[in-house]
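A.B. asks: My structure is below; once you've seen it, I'll send some questions.
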Amino acid sequence: MGILDHLSHRFDFSHKSRKMKKLKELQTVEIKVKIDCEGCERKIRRSVEGMKGVSSIDIDPKQHKLTVIGYVEPRKVLSRVIRRTGKKAEIWPYVPYGEVDHPYAPGVYDKKAPPGYVRNVMMNNDSKASNLARASSTEVKYSTAFSDENPNACAVM
């Protein structure tokens, strides 16, 4: 079966009842999984190597991060890693430090995060982190007491 046969079957519109297969997109899947030694690294690599659609695998043991590039679904890669290795794994929960408005807000700052990363938290109106954008009246009073723009400011500085 050659490439022409494959293409003719893919674009054959004579069979109306047969559904066309939805093509998967090229994706980068990042997974957080604990990697203690080279054996763990090898075990994780072998768990996803045989998956259909995987183009490349990158493992960073220092950050406990597995990166899989290919025509795969993230939840399938995650479930395969959990099932084949027996390790606790989750989709990479961190974003770079500069992408978050308040990186030290409760729920965002994580001591276990790799350097330069904070936890990815969706900001909504009800969250504590979004309330940090609005200063209370006492904060405004104390911050303006030493401001250069306030003519009545304290000159202790």
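Residue numbers start at 1 in each chain; chains themselves are named A, B, ... in the order of the structure tokens; ligands are numbered from 1 in the order shown.
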Please, which residues of stretch 12-128 of chain A, numbered as in this document, come out alpha helix (DSSP H) from DSSP, as a PyMOL selection string?
C.D. replies: chain A and resi 38-49+74-85+128
A.B. asks: Residues at most 9 Å from stretch 66-76 of chain A, counting only C-alpha atoms, excluding those fewer than 4 positions away in the same chain, as an NGL selection string?
C.D. replies: :A and (23-33 or 44-45 or 48 or 51-61 or 80-81 or 91-92)
A.B. asks: To one decimal place in Å, what is the distance between atom CA of A:Gly39 and atom CA of A:Thr85?
C.D. replies: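 If I compute the distance from atom CA of A:Gly39 to atom CA of A:Thr85, I get 11.0 Å.
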A.B. asks: Please, what distance in Å, to one decimal, runs between atom CA of A:Pro115 and atom CA of A:Glu41?
C.D. replies: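 It comes out at 20.9 Å.
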A.B. asks: What is the distance between atom CA of A:Lys34 and atom CA of A:Lys65, in Å to one decimal?
C.D. replies: 7.9 Å
